[in-house]
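Novice: Input start_6.txt, format and content: compact mmCIF, C-alpha atoms.
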# COMPACT_ATOMS: atom_id res chain seq x y z
CA MET A 207 56.16 199.39 20.72
CA LYS A 208 59.06 200.15 18.42
CA TRP A 209 62.69 199.84 19.53
CA THR A 210 65.36 202.28 18.40
CA ILE A 211 69.06 201.55 18.92
CA HIS A 212 71.57 204.32 19.67
CA PRO A 213 75.29 204.60 20.35
CA LEU A 214 76.28 205.32 23.94
CA SER A 215 77.35 208.83 22.95
CA ASP A 216 73.63 209.64 22.45
CA PHE A 217 72.71 209.00 26.09
CA LYS A 218 72.69 212.65 27.14
CA ARG A 219 70.47 213.56 24.19
CA LEU A 220 68.12 210.71 25.13
CA SER A 221 68.02 211.52 28.85
CA LYS A 222 64.38 212.76 28.76
CA ASP A 223 63.29 209.52 27.11
CA TRP A 224 65.28 207.57 29.70
CA ASP A 225 63.64 209.39 32.60
CA ALA A 226 60.21 208.99 31.01
CA ALA A 227 60.76 205.21 31.04
CA ASN A 228 61.79 205.47 34.72
CA ALA A 229 58.78 207.60 35.68
CA TYR A 230 56.58 204.67 36.77
CA HIS A 231 58.79 203.77 39.76
CA ASN A 232 61.25 206.71 39.91
CA VAL A 233 64.13 204.44 40.90
CA PRO A 234 66.75 206.97 42.10
CA PHE A 235 69.81 205.05 40.90
CA LEU A 236 68.28 204.57 37.44
CA ARG A 237 67.74 208.27 36.82
CA ALA A 238 69.59 209.78 33.88
CA ASP A 239 71.65 212.04 36.15
CA PHE A 240 72.86 208.96 38.04
CA MET A 241 73.50 206.95 34.88
CA GLU A 242 75.34 209.65 32.95
CA PRO A 243 78.37 209.95 35.32
CA LEU A 244 78.28 206.16 35.82
CA LEU A 245 78.58 205.61 32.07
CA ALA A 246 81.32 208.22 31.81
CA GLN A 247 83.49 206.31 34.28
CA TYR A 248 82.58 202.64 33.75
CA ALA A 249 81.26 202.10 30.23
CA THR A 250 83.59 200.64 27.61
CA GLY A 251 82.03 202.53 24.70
CA ARG A 252 80.64 199.31 23.19
CA GLU A 253 77.33 199.75 25.01
CA LEU A 254 74.14 200.69 23.18
CA VAL A 255 71.18 202.70 24.43
CA VAL A 256 67.86 201.06 23.51
CA ILE A 257 64.58 202.97 23.70
CA GLY A 258 61.16 201.38 23.31
CA ARG A 259 58.55 203.90 22.18
CA GLY A 260 54.80 203.63 22.02
CA ASP A 261 52.16 206.09 20.94
CA ASP A 262 52.71 208.13 24.12
CA GLY A 263 56.51 208.30 23.91
CA ALA A 264 59.25 206.32 25.61
CA LEU A 265 57.91 203.41 27.67
CA ALA A 266 60.96 201.18 28.04
CA ALA A 267 64.71 201.69 27.92
CA GLY A 268 67.96 199.92 28.61
CA ILE A 269 71.70 199.97 28.16
CA VAL A 270 72.99 196.75 26.68
CA VAL A 271 76.34 195.37 25.61
CA GLN A 272 77.38 192.32 23.63
CA ALA A 273 78.81 189.96 26.24
CA ARG A 274 79.78 187.24 23.74
CA PRO A 275 79.03 186.61 20.08
CA LEU A 276 75.23 186.42 19.66
CA ILE A 277 74.64 187.14 23.37
CA TRP A 278 73.71 190.52 24.86
CA GLN A 279 73.14 191.66 28.42
CA THR A 280 72.34 194.79 30.38
CA PHE A 281 75.07 197.12 31.58
CA GLN A 282 75.93 196.08 35.14
CA PRO A 283 78.87 197.68 36.94
CA SER A 284 79.12 196.97 40.66
CA GLN A 285 78.16 200.58 41.48
CA LEU A 286 74.67 200.01 40.00
CA PRO A 287 72.36 198.05 42.34
CA LEU A 288 70.12 196.78 39.53
CA GLY A 289 70.57 196.19 35.82
CA ALA A 290 70.17 199.12 33.43
CA TRP A 291 66.66 198.18 32.36
CA LEU A 292 63.38 200.10 32.56
CA MET A 293 59.92 198.90 31.59
CA PRO A 294 56.34 199.23 32.84
CA PRO A 295 55.37 196.15 34.89
CA ASP A 296 52.10 195.79 32.96
CA ARG A 297 53.84 195.27 29.60
CA ASP A 298 54.41 191.80 28.15
CA LEU A 299 58.07 190.96 28.72
CA ASN A 300 58.08 188.37 25.92
CA VAL A 301 56.86 190.92 23.40
CA LEU A 302 59.36 193.56 24.53
CA LEU A 303 62.39 191.28 24.51
CA SER A 304 61.42 189.54 21.28
CA GLY A 305 61.24 192.94 19.60
CA LEU A 306 64.53 194.03 21.12
CA LEU A 307 66.34 190.91 19.89
CA GLU A 308 65.12 191.67 16.36
CA ALA A 309 66.26 195.31 16.64
CA LEU A 310 69.77 194.70 17.97
CA PRO A 311 72.58 194.79 15.38
CA GLY A 312 73.77 191.54 13.90
CA PHE A 313 71.92 188.40 14.86
CA ALA A 314 71.18 188.10 18.58
CA LEU A 315 70.18 184.79 20.13
CA ILE A 316 69.98 185.61 23.84
CA ILE A 317 69.58 188.73 25.94
CA GLY A 318 70.18 188.75 29.69
CA ILE A 319 68.46 191.27 31.96
CA THR A 320 70.56 191.34 35.11
CA GLN A 321 69.78 191.98 38.77
CA GLN A 322 66.06 192.73 38.75
CA ASP A 323 63.96 193.59 41.79
CA PRO A 324 60.54 191.90 42.10
CA SER A 325 59.19 194.96 43.93
CA ILE A 326 59.90 196.99 40.77
CA LEU A 327 59.47 194.40 38.01
CA PRO A 328 57.50 191.37 39.23
CA ARG A 329 59.40 188.18 38.49
CA PRO A 330 57.98 186.66 35.29
CA SER A 331 57.05 183.01 35.08
CA ASN A 332 59.38 180.77 33.13
CA SER A 333 58.04 180.15 29.65
CA SER A 334 59.19 178.70 26.36
CA CYS A 335 61.64 181.58 25.81
CA VAL A 336 62.04 183.06 29.31
CA TYR A 337 64.11 181.62 32.14
CA THR A 338 64.76 183.44 35.41
CA LEU A 339 67.57 182.74 37.86
CA ASN A 340 67.99 183.65 41.52
CA TYR A 341 70.64 186.28 42.19
CA VAL A 342 70.82 187.27 45.89
CA ASP A 343 68.50 188.05 48.76
CA THR A 344 68.38 191.76 49.61
CA ALA A 345 67.13 193.41 52.81
CA TRP A 346 65.03 196.47 53.53
CA VAL A 347 63.44 198.30 56.44
CA ASP A 348 59.80 199.37 56.31
CA VAL A 349 59.41 202.85 57.78
CA ASN A 350 56.15 202.38 59.67
CA GLY A 351 55.06 203.85 62.98
CA SER A 352 57.51 205.50 65.34
CA PHE A 353 61.22 204.92 65.65
CA ASP A 354 60.74 203.80 69.26
CA GLU A 355 58.38 201.06 68.08
CA TYR A 356 60.87 199.99 65.43
CA TRP A 357 63.83 200.10 67.82
CA ASN A 358 62.04 198.11 70.51
CA SER A 359 61.34 195.40 67.92
CA ARG A 360 65.05 194.94 67.25
CA GLY A 361 67.04 192.23 68.95
CA LYS A 362 68.12 192.60 72.54
CA ASN A 363 71.81 192.25 71.60
CA LEU A 364 71.73 195.19 69.17
CA ARG A 365 69.95 197.49 71.61
CA GLN A 366 72.26 196.55 74.48
CA ASN A 367 75.36 196.97 72.31
CA MET A 368 74.32 200.46 71.24
CA ARG A 369 73.71 201.47 74.86
CA LYS A 370 77.07 200.02 75.84
CA GLN A 371 78.93 201.86 73.08
CA ARG A 372 77.31 205.18 73.94
CA SER A 373 78.22 204.73 77.60
CA ARG A 374 81.82 203.96 76.60
CA LEU A 375 82.00 207.04 74.42
CA GLU A 376 80.60 209.21 77.20
CA GLY A 377 83.11 207.73 79.63
CA ASP A 378 85.94 208.44 77.18
CA GLY A 379 84.78 212.01 76.72
CA LEU A 380 83.81 211.55 73.05
CA ARG A 381 80.68 213.36 71.87
CA THR A 382 78.86 211.97 68.85
CA GLY A 383 77.39 214.09 66.08
CA LEU A 384 75.32 213.17 63.02
CA GLU A 385 75.37 215.49 60.00
CA THR A 386 72.84 215.12 57.19
CA LEU A 387 74.33 216.70 54.08
CA THR A 388 72.00 217.50 51.18
CA SER A 389 73.67 220.47 49.48
CA PRO A 390 75.69 219.96 46.28
CA GLY A 391 78.36 222.19 47.83
CA ASP A 392 78.94 219.69 50.64
CA VAL A 393 79.52 216.68 48.40
CA VAL A 394 83.21 217.00 47.51
CA ASP A 395 84.32 217.40 51.12
CA ALA A 396 82.14 214.46 52.16
CA ILE A 397 83.53 212.25 49.38
CA ARG A 398 87.03 213.30 50.45
CA ASP A 399 86.18 212.25 54.02
CA TYR A 400 84.75 208.98 52.73
CA GLY A 401 87.91 208.29 50.76
CA ALA A 402 90.13 209.11 53.73
CA LEU A 403 88.30 206.51 55.86
CA GLU A 404 88.50 203.85 53.14
CA SER A 405 92.15 204.62 52.45
CA SER A 406 93.00 204.00 56.10
CA GLY A 407 91.44 200.53 56.02
CA TRP A 408 91.71 197.24 54.18
CA LYS A 409 90.39 198.64 50.87
CA ALA A 410 93.56 200.70 50.50
CA GLU A 411 95.58 197.50 50.13
CA GLY A 412 93.42 196.29 47.25
CA GLY A 413 93.36 199.68 45.53
CA THR A 414 89.56 199.85 45.69
CA ALA A 415 89.23 202.83 48.03
CA ILE A 416 87.38 205.92 46.77
CA ASN A 417 89.66 208.80 45.86
CA LEU A 418 88.65 212.08 44.25
CA GLU A 419 91.19 211.34 41.53
CA ASN A 420 89.98 207.85 40.61
CA ALA A 421 86.92 206.63 38.70
CA GLN A 422 84.91 205.87 41.84
CA GLY A 423 85.59 209.27 43.34
CA ARG A 424 84.72 211.09 40.12
CA PHE A 425 81.51 209.10 39.72
CA TYR A 426 80.24 209.51 43.28
CA SER A 427 81.18 213.20 43.41
CA GLU A 428 79.45 214.09 40.15
CA MET A 429 76.42 211.87 40.73
CA MET A 430 75.81 212.97 44.32
CA GLN A 431 76.08 216.63 43.38
CA ALA A 432 73.55 216.18 40.57
CA LEU A 433 71.04 214.34 42.76
CA CYS A 434 71.52 216.63 45.76
CA ALA A 435 70.56 219.54 43.49
CA ASP A 436 66.92 218.41 43.50
CA GLY A 437 66.75 216.73 46.89
CA SER A 438 67.31 213.19 45.64
CA ALA A 439 70.48 212.37 47.58
CA ARG A 440 71.88 212.76 51.05
CA ILE A 441 75.09 211.94 52.86
CA TYR A 442 75.18 210.95 56.52
CA ARG A 443 78.47 211.89 58.15
CA TYR A 444 79.17 210.86 61.75
CA ARG A 445 81.72 212.28 64.14
CA PHE A 446 83.31 211.40 67.43
CA GLY A 447 84.31 214.85 68.59
CA HIS A 448 86.02 216.44 65.58
CA ASN A 449 86.89 213.10 63.95
CA VAL A 450 84.80 211.82 61.04
CA VAL A 451 84.30 208.13 61.86
CA ALA A 452 81.57 206.95 59.45
CA VAL A 453 79.89 208.03 56.21
CA ASP A 454 76.82 206.77 54.30
CA LEU A 455 76.15 207.72 50.67
CA CYS A 456 72.41 207.54 49.92
CA VAL A 457 69.99 208.35 47.11
CA VAL A 458 66.26 209.00 47.49
CA GLY A 459 63.30 208.41 45.18
CA GLY A 460 60.16 206.39 44.65
CA GLY A 461 59.46 206.39 48.38
CA ALA A 462 62.81 204.75 49.18
CA LEU A 463 66.14 205.79 50.63
CA VAL A 464 68.85 203.57 49.14
CA ILE A 465 72.13 203.20 51.03
CA LEU A 466 74.70 202.90 48.23
CA LYS A 467 77.92 202.79 50.22
CA THR A 468 79.07 202.84 53.84
CA THR A 469 82.49 203.22 55.39
CA TYR A 470 83.87 203.79 58.86
CA ASP A 471 87.15 204.44 60.65
CA GLU A 472 88.64 201.06 61.51
CA GLY A 473 90.62 202.75 64.27
CA PHE A 474 87.30 203.24 66.10
CA LYS A 475 85.86 199.86 65.18
CA ALA A 476 85.44 198.84 68.83
CA TYR A 477 82.83 201.61 69.22
CA SER A 478 80.69 200.42 66.25
CA PRO A 479 80.59 203.86 64.60
CA ALA A 480 78.61 202.77 61.53
CA PHE A 481 75.93 201.18 63.72
CA LEU A 482 75.69 204.26 65.93
CA MET A 483 75.39 206.47 62.84
CA ARG A 484 72.69 204.21 61.42
CA GLN A 485 70.69 204.25 64.64
CA GLU A 486 70.58 208.05 64.65
CA ALA A 487 69.96 208.29 60.90
CA PHE A 488 67.08 205.80 61.08
CA ALA A 489 65.56 207.76 63.97
CA GLN A 490 65.69 210.87 61.79
CA ILE A 491 64.12 209.05 58.82
CA PHE A 492 61.27 207.66 60.93
CA GLY A 493 60.68 211.17 62.26
CA GLU A 494 60.48 212.69 58.79
CA LYS A 495 57.60 210.44 57.70
CA ALA A 496 58.53 211.11 54.07
CA ILE A 497 60.33 207.84 53.26
CA GLU A 498 58.48 204.53 53.11
CA ARG A 499 61.42 202.13 53.18
CA ILE A 500 65.18 201.98 53.55
CA GLU A 501 66.86 199.74 50.96
CA PHE A 502 70.23 198.08 51.47
CA TYR A 503 70.52 196.31 48.06
CA GLY A 504 73.15 193.61 47.75
CA LYS A 505 73.57 190.21 49.38
CA VAL A 506 72.03 189.97 52.84
CA MET A 507 74.77 189.91 55.46
CA GLU A 508 74.53 188.97 59.12
CA TRP A 509 74.63 192.61 60.16
CA HIS A 510 71.61 193.38 57.94
CA THR A 511 69.53 190.92 59.97
CA ARG A 512 70.11 193.00 63.10
CA TRP A 513 68.23 195.89 61.48
CA THR A 514 65.44 193.98 59.72
CA THR A 515 63.94 190.58 59.06
CA ASN A 516 62.67 191.64 55.62
CA CYS A 517 64.32 190.15 52.56
CA ARG A 518 63.42 189.39 48.96
CA MET A 519 65.20 187.61 46.10
CA LEU A 520 66.69 189.64 43.26
CA TYR A 521 66.80 187.75 39.99
CA HIS A 522 68.19 187.61 36.44
CA ILE A 523 66.18 187.07 33.25
CA ASN A 524 67.40 185.20 30.16
CA TYR A 525 65.36 185.58 27.00
CA TYR A 526 65.97 183.17 24.09
CA ARG A 527 65.11 183.70 20.45
CA TRP A 528 63.74 180.16 20.13
CA PRO A 529 62.30 177.73 22.71
CA TRP A 530 64.72 174.96 21.71
CA LEU A 531 67.62 177.30 22.39
CA ARG A 532 66.48 177.76 25.96
CA LYS A 533 66.34 173.95 26.39
CA LEU A 534 69.81 173.56 24.88
CA HIS A 535 71.29 176.28 27.07
CA ARG A 536 69.87 174.58 30.17
CA LEU A 537 71.33 171.23 29.10
CA ILE A 538 74.85 172.51 28.49
CA GLY A 539 74.85 174.68 31.54
Write out the structure in this file as structure tokens.
Specialist:
Amino acid sequence: MKWTIHPLSDFKRLSKDWDAANAYHNVPFLRADFMEPLLAQYATGRELVVIGRGDDGALAAGIVVQARPLIWQTFQPSQLPLGAWLMPPDRDLNVLLSGLLEALPGFALIIGITQQDPSILPRPSNSSCVYTLNYVDTAWVDVNGSFDEYWNSRGKNLRQNMRKQRSRLEGDGLRTGLETLTSPGDVVDAIRDYGALESSGWKAEGGTAINLENAQGRFYSEMMQALCADGSARIYRYRFGHNVVAVDLCVVGGGALVILKTTYDEGFKAYSPAFLMRQEAFAQIFGEKAIERIEFYGKVMEWHTRWTTNCRMLYHINYYRWPWLRKLHRLIG
């Protein structure tokens, strides 16, 4: 395999190579049409696109940036669940990363591959030049059997709470309604609704709420429209009467539905709107029989454990030019 190094401005031109490297797993949030708007909003311009080509074309790819002198790492904004790295799981990681270190400009000593998923890239064994580190546990739901079977396997407290909330809503004269939005034309209004819910809550105080005029809003609007265009994204929007009370932003691919972001109306918190939305959305997903698993990605929280007992450890990879450098790095911390 031969590595070629390109400026970030070449990403659009290289999008077919990028998607070819992603073809093995078809990770929806590592598609070129996800990455392109992400880079437009969150890259610094110092990033490089690296493409590893074999006889049959592009086999590996990544977006890397120099974190410190002599040290490189993959592009990793918080909006990207895993590091910007693509490779076939049957390729020798040592060979790939050794070649990449030689190809990078200047003289690179270490490259870090961030936030990797063992279900996509099996965790390599530590070796003379490779050291892996735990990142966080992440949770997922296997979509097997019927929704009733799944729901009856959940904890008694969750099931009772959902019944209680639905009875309360009925008593208060509030009808619930789940919308599944998959058309590019629905995205802007849904992102506007999402931003309105976030802006009414605690995120507004920290300035992190989505807004159609800020980087997050521009990214999610453009990305969701692009992926909705070929059926690779969906938005769940939940209402109490006419009021939008919860929204999920999701992408689909490789047999998985990935929940990227969730928000809800804190004014209706007592009714658990996000949980009610998720119950109905999961029932729909189980009924479709087209999705194999629902991925949460991110650190397992207590509320995740109400929906599943499945978890796995995401991890980082450090690759060192020389074995003694790995030993030294471990000693000094």
Novice: Can you tell me, as a list of chain:residue names, what residues are no more than 12 Å from Thr210 (chain A) when counting all atoms listed in the file, ignoring any on the same chain fewer than 2 positions away?
Specialist: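 Residues near the query, excluding close chain neighbours: A:Met207, A:Lys208, A:His212, A:Pro213, A:Asp216, A:Leu220, A:Asp223, A:Leu254, A:Val255, A:Val256, A:Ile257, A:Gly258, A:Arg259, A:Gly260, A:Ala264, A:Leu265, A:Ala266, A:Ala267, A:Gly268, A:Ile269, A:Gly305, A:Leu306, A:Leu307, A:Glu308, A:Ala309, A:Leu310, A:Pro311.
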Novice: With all atoms listed in the file as the basis for distance, which of A:Ser373, A:Gln422, A:Thr469, A:Ser438 is at the shortest distance from Ser284 (chain A)?
Specialist: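 Distance minimum relative to Ser284 (chain A) lands on A:Gln422.
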Novice: Just to confirm, what's the straight-line distance from CA of Met241 (chain A) to CA of Met429 (chain A) in Å (one decimal)?
Specialist: 8.2 Å
Novice: Which residues are close to Ala476 (chain A), i.e. within 12 Å by all atoms listed in the file, leaving aside same-chain residues fewer than 2 positions away? Reply as number ranges by chain.
Specialist: A: 367-368, 370-372, 374-375, 451, 470-474, 478-482
Novice: I want to know what sits within 8 Å of Gln247 (chain A), based on all atoms listed in the file, with residues of the same chain fewer than 2 positions away left out; could you give that as a count of residues only?
Specialist: 8
Novice: Check the smallest atom-to-atom distance from each of A:Val270, A:Leu299, A:Val458, A:Val347 to Arg329 (chain A) using all atoms listed in the file, then report the winner.
Specialist: A:Leu299
Novice: Do you have the CA of Ala396 (chain A)-CA of Gly493 (chain A) distance handy?
Specialist: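 The value is 23.9 Å.
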Novice: Ranking A:Val450, A:Met507, A:Ala246, A:Cys335 by minimum distance to Leu534 (chain A) and counting only C-alpha atoms, which one comes first?
Specialist: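 Smallest distance to Leu534 (chain A) is found for A:Cys335.
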